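One structure is given below, encoded as structure tokens.
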Amino acid sequence: MKKNLYLLGILAALLFGTYVFQEVRMSKNFEESLTKDHLVKSSDILKLKFNDVEAVKKENGQWWAGDKLLSHNTFNQLQKKLSMIKKIKDIEGDEKNFFTNPFPVEVNGELWEIGDLTLDRQGFYIYRNDKIMVAIMEGDSQEMTEDPNGLEEKKLNDLKGTLDVGLATLGETQLFRYYPKLPLGSVTIESDGRPTYSLDFLNNRTIPQPIKGIQVVPQILQKFNSLVTQVTIKQEVPFDENLKFFKVAQIIFKRDQEEVLWELWLKSDNSADSYIVDAKMKKAWLMVGGSLRLFFLGPQDYWDKKVIPHSAFQRFNRLPVTLSQGSRQLQFDVINREPLDFETPNGKIDREKMNILFQYLFNLSEKDQADRVSQLSSSERKEILTGNFLHANVMGQDIVFWRKLQELIVVNLTQGFKAHFLVKDESFRANFEDVIKLSK
């Protein structure tokens, strides 16, 4: 019996080993098939030379031409295109017959020349290592074409277009690319005339913390990073203390002992242009004005400003709701479809206006977030409870619509806060008669 178990164990081990070996071999063969006969792998491209550009890739992935940082996106695209070139066959003949207008590029110090399309327009000629070959570019073109026979021409033109640029146009324009290891443990944001606040990415919180009933967005680092990527450079300028005319704002990045400071300085009192200065790196950049929103947001921009908090919101197919104002009251069901539908046995609902009401209530469409939120004071609560306002009871939340001039305040009495929405449409007053017409 023991011998049988022993043999069974050996058999199981052999079967498992065979399976693992076969899977690894198949996986390796598949990966090799993806790059078979390709002239170069993307990860192996470390040097490129074309036109007046001599670019070198550093260990951190940055591309540099001397002391000039080059566009990360452009060179990633260029690496990808070059790695897509696949050899079909070698050919013999006079180079002049295949390269009427050759496009030279050096890849890792090796000269390539990109030549004409083949006669059947299904490939192109390329010169490399003293050999002429026919090649294609695998993958899809960035352009659309109605002619399938023109696809290779489109791909070839894509490649040439990416290479047919000069050094002056290849500078990096995304500021964060100058910082491959930006310390993102927390940031402190200060701007002229506004309260200072901080974002703690490690604990996903804002300082100051949200008001009662409001939470921060689920991933403030993700939202912050999306804003960082928008900060755009117009041009790099020589660092000079004289650039500092008037400080508009600053952001301090911190993690452990690392710290980076971006200072935003107005160029002059008669110009809207501004510089970002990093005194520690002795770097300065003239910025694209419309890309600097990051410096002027407040802590509430990282709060989830919804009327019904995520923790209280319920998924539904049919939802009972009660609307009331003064002595008038109506119960109805909300049907979860697009757009929302409403059913009631004893009243006529204006579906268009009711959908507008629920856009505020459920934070739908462009009303995904309130413009701002504020704490409900005891005096405001008393005013609302004694006033003639439209009430909604939904998902266990007592909601009041408080219309003011160019503003609709949606009050969550249950949570104790006000959600403020700027409103230009004066025709919607958020009253009972706006959304419901009772039968006579």
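Ordering of the structure tokens sets the chain letters (A, B, ...), residue numbers begin anew at 1 in every chain, and ligands are numbered from 1 in the order given.
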For the contact check between region 219-328 of chain A and region 51-71 of chain A, emit one row per residue of region 219-328 of chain A within 12 Å, containing the shortest atom pair and the distance in Å rounded to one decimal, counting only C-alpha atoms, chain then rising number order, as CSV.
residue,atom,partner,partner_atom,distance
A:Thr232,CA,A:Ser71,CA,11.9
A:Ile233,CA,A:Ser71,CA,11.3
A:Gln235,CA,A:Lys68,CA,11.3
A:Glu236,CA,A:Lys68,CA,9.3
A:Val237,CA,A:Lys68,CA,11.5
A:Lys283,CA,A:Asp67,CA,11.9
As a ChimeraX atom specification, please: the residues near Ser374 (chain A) (cut-off 7 Å, only C-alpha atoms, same-chain neighbours under 2 positions excluded). /A:372,376,417-419
Using only C-alpha atoms, determine which residues lie at most 10 Å from region 95-107 of chain A, disregarding the query and same-chain residues fewer than 2 positions distant; provide the list as a tab-separated table (two decimals) with C-alpha atoms, in the first residue's frame.
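File written: out18.tsv
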chain	number	residue	atom	x	y	z
A	40	VAL	CA	14.69	45.83	-32.29
A	44	ASP	CA	16.49	47.76	-26.02
A	45	ILE	CA	16.34	51.21	-27.63
A	46	LEU	CA	18.71	53.41	-25.62
A	47	LYS	CA	20.05	55.90	-28.21
A	48	LEU	CA	18.39	57.64	-31.15
A	49	LYS	CA	19.79	60.10	-33.66
A	50	PHE	CA	17.75	61.83	-36.36
A	51	ASN	CA	17.75	65.31	-37.87
A	53	VAL	CA	18.42	65.22	-32.36
A	54	GLU	CA	20.88	63.07	-30.42
A	79	GLN	CA	10.18	53.49	-29.43
A	82	LEU	CA	10.50	51.39	-34.30
A	92	GLU	CA	19.61	42.33	-53.64
A	93	GLY	CA	19.94	45.35	-55.89
A	109	GLY	CA	24.49	53.87	-32.98
A	110	GLU	CA	23.44	51.71	-35.93
A	111	LEU	CA	22.42	53.48	-39.15
A	112	TRP	CA	19.01	52.66	-40.58
A	113	GLU	CA	17.55	54.20	-43.72
A	114	ILE	CA	13.83	54.12	-44.31
A	115	GLY	CA	13.03	53.92	-48.00
A	116	ASP	CA	10.12	53.71	-50.46
A	117	LEU	CA	6.99	51.60	-50.40
A	118	THR	CA	7.16	48.33	-52.29
A	124	PHE	CA	8.59	49.25	-47.48
A	125	TYR	CA	12.33	49.06	-47.95
A	126	ILE	CA	14.77	49.56	-45.12
A	127	TYR	CA	18.58	49.58	-45.08
A	128	ARG	CA	20.40	48.15	-42.07
A	131	LYS	CA	21.67	45.04	-46.19
A	132	ILE	CA	18.47	46.01	-47.95
A	133	MET	CA	15.30	44.33	-46.78
A	134	VAL	CA	11.55	44.52	-47.18
A	160	LYS	CA	8.25	59.32	-40.77
A	163	LEU	CA	10.84	61.30	-36.89
A	164	ASP	CA	10.50	64.39	-39.07
Rank A:Leu361, A:Val288, A:Leu413, A:Ala312 by their smallest atom-to-atom distance to Glu380 (chain A), using only C-alpha atoms, and report the top residue only. A:Leu413
Tell me, which residues of region 37-255 of chain A carry DSSP strand (DSSP E), written as a VMD selection string? chain A and resid 47 to 50 53 to 57 63 to 65 68 to 69 85 to 91 103 to 107 110 to 117 124 to 128 131 to 137 186 to 191 197 to 200 205 to 207 215 to 216 233 to 237 246 to 255
List the neighbours of region 275-279 of chain A out to 10 Å using only C-alpha atoms; skip same-chain residues closer than 5 positions along the sequence, and give me the result as a tab-separated table (two decimals) with all heavy atoms, in the first residue's frame.
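Just written: part.tsv:
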chain	number	residue	atom	x	y	z
A	175	LEU	N	5.35	69.18	-16.58
A	175	LEU	CA	6.29	69.51	-15.50
A	175	LEU	C	6.65	68.30	-14.66
A	175	LEU	O	7.81	68.12	-14.28
A	175	LEU	CB	5.70	70.61	-14.62
A	175	LEU	CG	6.57	71.06	-13.45
A	175	LEU	CD1	7.90	71.61	-13.92
A	175	LEU	CD2	5.84	72.08	-12.58
A	233	ILE	N	4.21	73.16	-19.43
A	233	ILE	CA	5.30	74.13	-19.62
A	233	ILE	C	5.19	74.77	-21.00
A	233	ILE	O	5.00	74.08	-22.00
A	233	ILE	CB	6.66	73.42	-19.50
A	233	ILE	CG1	6.82	72.82	-18.10
A	233	ILE	CG2	7.81	74.35	-19.83
A	233	ILE	CD1	7.99	71.83	-18.01
A	234	LYS	N	5.33	76.09	-21.03
A	234	LYS	CA	5.44	76.78	-22.32
A	234	LYS	C	6.88	76.74	-22.80
A	234	LYS	O	7.15	76.44	-23.96
A	234	LYS	CB	4.95	78.23	-22.18
A	234	LYS	CG	4.82	78.98	-23.50
A	234	LYS	CD	4.32	80.41	-23.28
A	234	LYS	CE	2.89	80.42	-22.78
A	234	LYS	NZ	2.37	81.82	-22.64
A	235	GLN	N	7.80	77.02	-21.89
A	235	GLN	CA	9.22	76.88	-22.20
A	235	GLN	C	10.04	76.93	-20.91
A	235	GLN	O	9.64	77.56	-19.93
A	235	GLN	CB	9.70	77.96	-23.16
A	235	GLN	CG	9.74	79.37	-22.56
A	235	GLN	CD	10.24	80.41	-23.54
A	235	GLN	OE1	9.49	80.84	-24.40
A	235	GLN	NE2	11.50	80.78	-23.41
A	236	GLU	N	11.17	76.23	-20.92
A	236	GLU	CA	12.10	76.33	-19.80
A	236	GLU	C	12.90	77.61	-19.95
A	236	GLU	O	13.29	77.99	-21.06
A	236	GLU	CB	13.03	75.12	-19.76
A	236	GLU	CG	13.92	75.09	-18.53
A	236	GLU	CD	14.72	73.82	-18.38
A	236	GLU	OE1	14.51	72.89	-19.19
A	236	GLU	OE2	15.55	73.75	-17.45
A	237	VAL	N	13.15	78.28	-18.82
A	237	VAL	CA	13.92	79.53	-18.84
A	237	VAL	C	15.07	79.41	-17.85
A	237	VAL	O	14.99	78.61	-16.90
A	237	VAL	CB	13.03	80.75	-18.49
A	237	VAL	CG1	11.91	80.92	-19.52
A	237	VAL	CG2	12.43	80.61	-17.09
A	239	PHE	N	17.22	79.83	-14.67
A	239	PHE	CA	16.86	80.18	-13.29
A	239	PHE	C	17.48	81.53	-12.92
A	239	PHE	O	18.66	81.79	-13.17
A	239	PHE	CB	17.36	79.11	-12.33
A	239	PHE	CG	17.13	79.45	-10.88
A	239	PHE	CD1	15.89	79.22	-10.31
A	239	PHE	CD2	18.13	80.01	-10.11
A	239	PHE	CE1	15.66	79.53	-8.97
A	239	PHE	CE2	17.92	80.32	-8.77
A	239	PHE	CZ	16.68	80.09	-8.21
A	240	ASP	N	16.65	82.39	-12.34
A	240	ASP	CA	17.10	83.72	-11.95
A	240	ASP	C	16.21	84.21	-10.82
A	240	ASP	O	14.97	84.14	-10.92
A	240	ASP	CB	17.01	84.68	-13.14
A	240	ASP	CG	17.71	86.02	-12.89
A	240	ASP	OD1	17.73	86.45	-11.72
A	240	ASP	OD2	18.22	86.62	-13.85
A	241	GLU	N	16.79	84.71	-9.75
A	241	GLU	CA	16.01	85.23	-8.63
A	241	GLU	C	15.12	86.40	-9.05
A	241	GLU	O	14.11	86.68	-8.42
A	241	GLU	CB	16.94	85.66	-7.49
A	241	GLU	CG	17.65	84.52	-6.78
A	241	GLU	CD	16.70	83.65	-5.97
A	241	GLU	OE1	15.59	84.14	-5.63
A	241	GLU	OE2	17.06	82.49	-5.68
A	243	LEU	N	13.19	86.50	-11.43
A	243	LEU	CA	11.91	86.01	-11.94
A	243	LEU	C	10.81	86.14	-10.88
A	243	LEU	O	9.63	86.14	-11.20
A	243	LEU	CB	12.03	84.54	-12.36
A	243	LEU	CG	12.97	84.20	-13.51
A	243	LEU	CD1	13.03	82.68	-13.70
A	243	LEU	CD2	12.51	84.87	-14.80
A	244	LYS	N	11.24	86.26	-9.63
A	244	LYS	CA	10.28	86.26	-8.52
A	244	LYS	C	9.73	87.66	-8.29
A	244	LYS	O	10.21	88.42	-7.44
A	244	LYS	CB	10.97	85.74	-7.26
A	244	LYS	CG	11.50	84.31	-7.40
A	244	LYS	CD	12.20	83.85	-6.13
A	244	LYS	CE	12.68	82.42	-6.23
A	244	LYS	NZ	13.34	81.95	-4.99
A	245	PHE	N	8.65	87.97	-9.03
A	245	PHE	CA	8.02	89.29	-8.89
A	245	PHE	C	6.97	89.27	-7.78
A	245	PHE	O	7.01	90.07	-6.85
A	245	PHE	CB	7.40	89.71	-10.22
A	245	PHE	CG	6.57	90.95	-10.14
A	245	PHE	CD1	7.18	92.20	-10.00
A	245	PHE	CD2	5.18	90.89	-10.16
A	245	PHE	CE1	6.41	93.35	-9.90
A	245	PHE	CE2	4.42	92.04	-10.06
A	245	PHE	CZ	5.04	93.27	-9.93
A	247	LYS	N	4.66	86.24	-5.53
A	247	LYS	CA	4.30	84.83	-5.36
A	247	LYS	C	2.79	84.68	-5.27
A	247	LYS	O	2.13	85.22	-4.38
A	247	LYS	CB	4.95	84.24	-4.11
A	247	LYS	CG	4.72	82.73	-3.98
A	247	LYS	CD	5.14	82.17	-2.64
A	247	LYS	CE	6.64	81.95	-2.59
A	247	LYS	NZ	7.01	81.15	-1.39
A	248	VAL	N	2.26	83.88	-6.19
A	248	VAL	CA	0.82	83.65	-6.25
A	248	VAL	C	0.43	82.44	-5.41
A	248	VAL	O	-0.61	82.45	-4.74
A	248	VAL	CB	0.38	83.45	-7.72
A	248	VAL	CG1	-1.12	83.21	-7.81
A	248	VAL	CG2	0.78	84.64	-8.58
A	249	ALA	N	1.24	81.38	-5.49
A	249	ALA	CA	0.90	80.15	-4.78
A	249	ALA	C	2.13	79.26	-4.69
A	249	ALA	O	3.15	79.52	-5.35
A	249	ALA	CB	-0.24	79.41	-5.50
A	250	GLN	N	2.03	78.22	-3.88
A	250	GLN	CA	3.10	77.23	-3.82
A	250	GLN	C	2.53	75.88	-3.38
A	250	GLN	O	1.49	75.81	-2.73
A	250	GLN	CB	4.21	77.66	-2.87
A	250	GLN	CG	3.85	77.66	-1.40
A	250	GLN	CD	5.05	77.98	-0.52
A	250	GLN	OE1	5.99	78.65	-0.93
A	250	GLN	NE2	5.03	77.49	0.72
A	260	VAL	N	9.92	68.55	-2.09
A	260	VAL	CA	10.01	69.34	-3.34
A	260	VAL	C	9.06	70.52	-3.20
A	260	VAL	O	7.93	70.37	-2.73
A	260	VAL	CB	9.62	68.48	-4.57
A	260	VAL	CG1	9.47	69.36	-5.82
A	260	VAL	CG2	10.67	67.41	-4.81
A	261	LEU	N	9.54	71.69	-3.63
A	261	LEU	CA	8.75	72.91	-3.54
A	261	LEU	C	8.58	73.52	-4.92
A	261	LEU	O	9.56	73.84	-5.59
A	261	LEU	CB	9.43	73.92	-2.60
A	261	LEU	CG	8.80	75.32	-2.55
A	261	LEU	CD1	7.36	75.27	-2.04
A	261	LEU	CD2	9.64	76.25	-1.67
A	262	TRP	N	7.31	73.65	-5.34
A	262	TRP	CA	6.98	74.39	-6.56
A	262	TRP	C	6.41	75.75	-6.15
A	262	TRP	O	5.39	75.81	-5.45
A	262	TRP	CB	5.93	73.67	-7.39
A	262	TRP	CG	6.40	72.41	-8.06
A	262	TRP	CD1	7.67	71.91	-8.09
A	262	TRP	CD2	5.59	71.47	-8.80
A	262	TRP	NE1	7.71	70.74	-8.79
A	262	TRP	CE2	6.46	70.45	-9.24
A	262	TRP	CE3	4.25	71.41	-9.12
A	262	TRP	CZ2	6.01	69.37	-10.01
A	262	TRP	CZ3	3.80	70.34	-9.87
A	262	TRP	CH2	4.66	69.34	-10.31
A	263	GLU	N	7.06	76.82	-6.57
A	263	GLU	CA	6.57	78.16	-6.29
A	263	GLU	C	6.04	78.76	-7.59
A	263	GLU	O	6.71	78.72	-8.62
A	263	GLU	CB	7.69	79.05	-5.74
A	263	GLU	CG	8.22	78.59	-4.39
A	263	GLU	CD	9.36	79.48	-3.91
A	263	GLU	OE1	10.28	79.75	-4.71
A	263	GLU	OE2	9.32	79.91	-2.75
A	264	LEU	N	4.84	79.33	-7.52
A	264	LEU	CA	4.23	79.97	-8.68
A	264	LEU	C	4.35	81.48	-8.53
A	264	LEU	O	3.79	82.07	-7.60
A	264	LEU	CB	2.76	79.56	-8.79
A	264	LEU	CG	1.99	80.09	-10.00
A	264	LEU	CD1	2.58	79.54	-11.31
A	264	LEU	CD2	0.51	79.73	-9.90
A	265	TRP	N	5.09	82.11	-9.46
A	265	TRP	CA	5.37	83.54	-9.39
A	265	TRP	C	4.78	84.26	-10.60
A	265	TRP	O	4.94	83.81	-11.74
A	265	TRP	CB	6.88	83.80	-9.36
A	265	TRP	CG	7.54	83.34	-8.10
A	265	TRP	CD1	7.97	82.08	-7.80
A	265	TRP	CD2	7.83	84.14	-6.95
A	265	TRP	NE1	8.52	82.04	-6.54
A	265	TRP	CE2	8.45	83.30	-6.00
A	265	TRP	CE3	7.63	85.50	-6.63
A	265	TRP	CZ2	8.87	83.76	-4.75
A	265	TRP	CZ3	8.05	85.95	-5.40
A	265	TRP	CH2	8.66	85.09	-4.47
A	266	LEU	N	4.11	85.38	-10.35
A	266	LEU	CA	3.61	86.22	-11.43
A	266	LEU	C	4.80	86.91	-12.09
A	266	LEU	O	5.73	87.36	-11.43
A	266	LEU	CB	2.63	87.26	-10.87
A	266	LEU	CG	1.74	88.00	-11.86
A	266	LEU	CD1	0.79	87.02	-12.56
A	266	LEU	CD2	0.94	89.08	-11.14
A	267	LYS	N	4.76	87.01	-13.42
A	267	LYS	CA	5.88	87.56	-14.17
A	267	LYS	C	6.07	89.05	-13.90
A	267	LYS	O	7.19	89.52	-13.68
A	267	LYS	CB	5.68	87.32	-15.67
A	267	LYS	CG	6.82	87.78	-16.55
A	267	LYS	CD	6.55	87.43	-18.02
A	267	LYS	CE	7.70	87.87	-18.90
A	267	LYS	NZ	7.46	87.54	-20.32
A	284	ALA	N	13.53	76.79	-13.65
A	284	ALA	CA	12.38	77.67	-13.78
A	284	ALA	C	11.72	77.43	-15.14
A	284	ALA	O	12.42	77.14	-16.13
A	284	ALA	CB	12.79	79.14	-13.64
A	285	TRP	N	10.39	77.57	-15.16
A	285	TRP	CA	9.65	77.32	-16.39
A	285	TRP	C	8.56	78.38	-16.55
A	285	TRP	O	7.86	78.73	-15.60
A	285	TRP	CB	8.98	75.95	-16.36
A	285	TRP	CG	9.92	74.80	-16.16
A	285	TRP	CD1	10.58	74.08	-17.12
A	285	TRP	CD2	10.30	74.20	-14.91
A	285	TRP	NE1	11.33	73.10	-16.56
A	285	TRP	CE2	11.18	73.13	-15.19
A	285	TRP	CE3	9.97	74.46	-13.57
A	285	TRP	CZ2	11.74	72.34	-14.20
A	285	TRP	CZ3	10.54	73.68	-12.59
A	285	TRP	CH2	11.42	72.62	-12.90
A	286	LEU	N	8.43	78.89	-17.77
A	286	LEU	CA	7.29	79.73	-18.11
A	286	LEU	C	6.12	78.80	-18.39
A	286	LEU	O	6.25	77.86	-19.18
A	286	LEU	CB	7.61	80.58	-19.34
A	286	LEU	CG	6.51	81.53	-19.82
A	286	LEU	CD1	6.20	82.60	-18.78
A	286	LEU	CD2	6.92	82.17	-21.15
A	287	MET	N	4.98	79.05	-17.75
A	287	MET	CA	3.89	78.08	-17.77
A	287	MET	C	2.74	78.48	-18.69
A	287	MET	O	2.54	79.66	-18.98
A	287	MET	CB	3.34	77.89	-16.35
A	287	MET	CG	4.39	77.52	-15.32
A	287	MET	SD	5.34	76.03	-15.77
A	287	MET	CE	4.04	74.80	-15.83
A	288	VAL	N	1.99	77.48	-19.11
A	288	VAL	CA	0.73	77.70	-19.82
A	288	VAL	C	-0.32	78.02	-18.77
A	288	VAL	O	-0.62	77.18	-17.90
A	288	VAL	CB	0.33	76.46	-20.64
A	288	VAL	CG1	-1.05	76.65	-21.27
A	288	VAL	CG2	1.38	76.17	-21.72
A	289	GLY	N	-0.87	79.22	-18.82
A	289	GLY	CA	-1.74	79.71	-17.75
A	289	GLY	C	-2.93	78.82	-17.44
A	289	GLY	O	-3.27	78.58	-16.28
A	292	LEU	N	-2.87	75.56	-14.72
A	292	LEU	CA	-2.41	75.71	-13.34
A	292	LEU	C	-3.52	75.59	-12.31
A	292	LEU	O	-3.41	76.06	-11.19
A	292	LEU	CB	-1.70	77.06	-13.18
A	292	LEU	CG	-0.48	77.25	-14.10
A	292	LEU	CD1	0.03	78.68	-14.00
A	292	LEU	CD2	0.61	76.26	-13.74
Pairwise distance for CA of Asp301 (chain A) and CA of Phe421 (chain A), rounded to one decimal in Å: 14.0 Å
Would you kindly return, as number ranges by chain, each protein, DNA or RNA residue with an atom no farther than 8 Å from any atom of Asn204 (chain A), considering only C-alpha atoms and excluding same-chain residues fewer than 6 positions away? A: 216, 218-221
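Between Glu190 (chain A) and the candidates A:Ala135, A:Val165, A:Leu294, A:Leu39, the tightest atom-to-atom separation, counting only C-alpha atoms, involves A:Leu294.
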Once DSSP has gone over the backbone, tell me which residues of region 232-433 of chain A are in alpha helix (DSSP H), as a ChimeraX atom specification. /A:351-361,378-386,432-433
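Remark: for Gly185 (chain A), the closest of the candidate residues A:Gln257, A:Thr386, A:Thr169, A:Asn108 is A:Gln257 (distances computed over only C-alpha atoms).
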With only C-alpha atoms as the atoms that count, which of A:Ile335, A:Lys305, A:Lys382, A:Asn388 lies nearest to Asp368 (chain A)? A:Lys305
Option closest in space to Val217 (chain A), from A:Ser43, A:Asn317, A:Gln300, A:Ser378 [counting only C-alpha atoms]: A:Gln300
CA of Gln325 (chain A) sits from CA of Leu390 (chain A) at a separation of 4.7 Å
Can you tell me which residues surround Asp37 (chain A) at a distance of at most 8 Å, considering only C-alpha atoms, apart from same-chain residues fewer than 2 positions away, and format the answer as JSON, numbers by chain? {"A": [35, 39, 86, 87, 88]}
Put those residues in a file: all heavy atoms, as a compact mmCIF listing (two decimals), in the first residue's frame.
# COMPACT_ATOMS: atom_id res chain seq x y z
N THR A 35 7.73 38.96 -31.25
CA THR A 35 8.85 39.83 -31.65
C THR A 35 9.77 39.18 -32.67
O THR A 35 10.82 39.72 -32.98
CB THR A 35 9.67 40.22 -30.40
OG1 THR A 35 10.13 39.03 -29.76
CG2 THR A 35 8.84 41.04 -29.43
N LEU A 39 13.16 44.19 -35.86
CA LEU A 39 14.53 44.69 -35.91
C LEU A 39 15.09 45.05 -34.54
O LEU A 39 16.29 44.98 -34.31
CB LEU A 39 14.61 45.92 -36.84
CG LEU A 39 14.16 45.72 -38.28
CD1 LEU A 39 14.60 46.90 -39.13
CD2 LEU A 39 14.71 44.42 -38.87
N LYS A 86 9.14 44.94 -38.75
CA LYS A 86 9.41 43.50 -38.86
C LYS A 86 9.97 43.18 -40.25
O LYS A 86 9.39 43.55 -41.27
CB LYS A 86 8.12 42.71 -38.64
CG LYS A 86 8.29 41.21 -38.75
CD LYS A 86 6.97 40.50 -38.47
CE LYS A 86 7.13 38.99 -38.56
NZ LYS A 86 5.87 38.29 -38.25
N LYS A 87 11.09 42.49 -40.26
CA LYS A 87 11.72 42.09 -41.52
C LYS A 87 10.91 40.98 -42.19
O LYS A 87 10.52 40.00 -41.56
CB LYS A 87 13.15 41.60 -41.24
CG LYS A 87 13.84 40.98 -42.44
CD LYS A 87 15.18 40.39 -42.03
CE LYS A 87 15.78 39.54 -43.13
NZ LYS A 87 17.06 38.94 -42.72
N ILE A 88 10.68 41.16 -43.51
CA ILE A 88 10.02 40.12 -44.29
C ILE A 88 11.04 39.30 -45.06
O ILE A 88 11.03 38.07 -45.03
CB ILE A 88 8.99 40.74 -45.26
CG1 ILE A 88 7.93 41.53 -44.48
CG2 ILE A 88 8.33 39.67 -46.12
CD1 ILE A 88 7.15 40.70 -43.49
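Proximity ranking of A:Asp341, A:Asp425, A:Asp350, A:Glu433 relative to Gln406 (chain A) places A:Asp425 first, based on only C-alpha atoms.
Every protein, DNA or RNA residue with an atom at most 10 Å from Met395 (chain A), where only C-alpha atoms count and chain neighbours fewer than 3 positions away do not, is listed here: A:Ile308, A:Ala312, A:Phe313, A:Gln314, A:Arg315, A:Leu319, A:Pro320, A:Val321, A:Ala392, A:Asp398.
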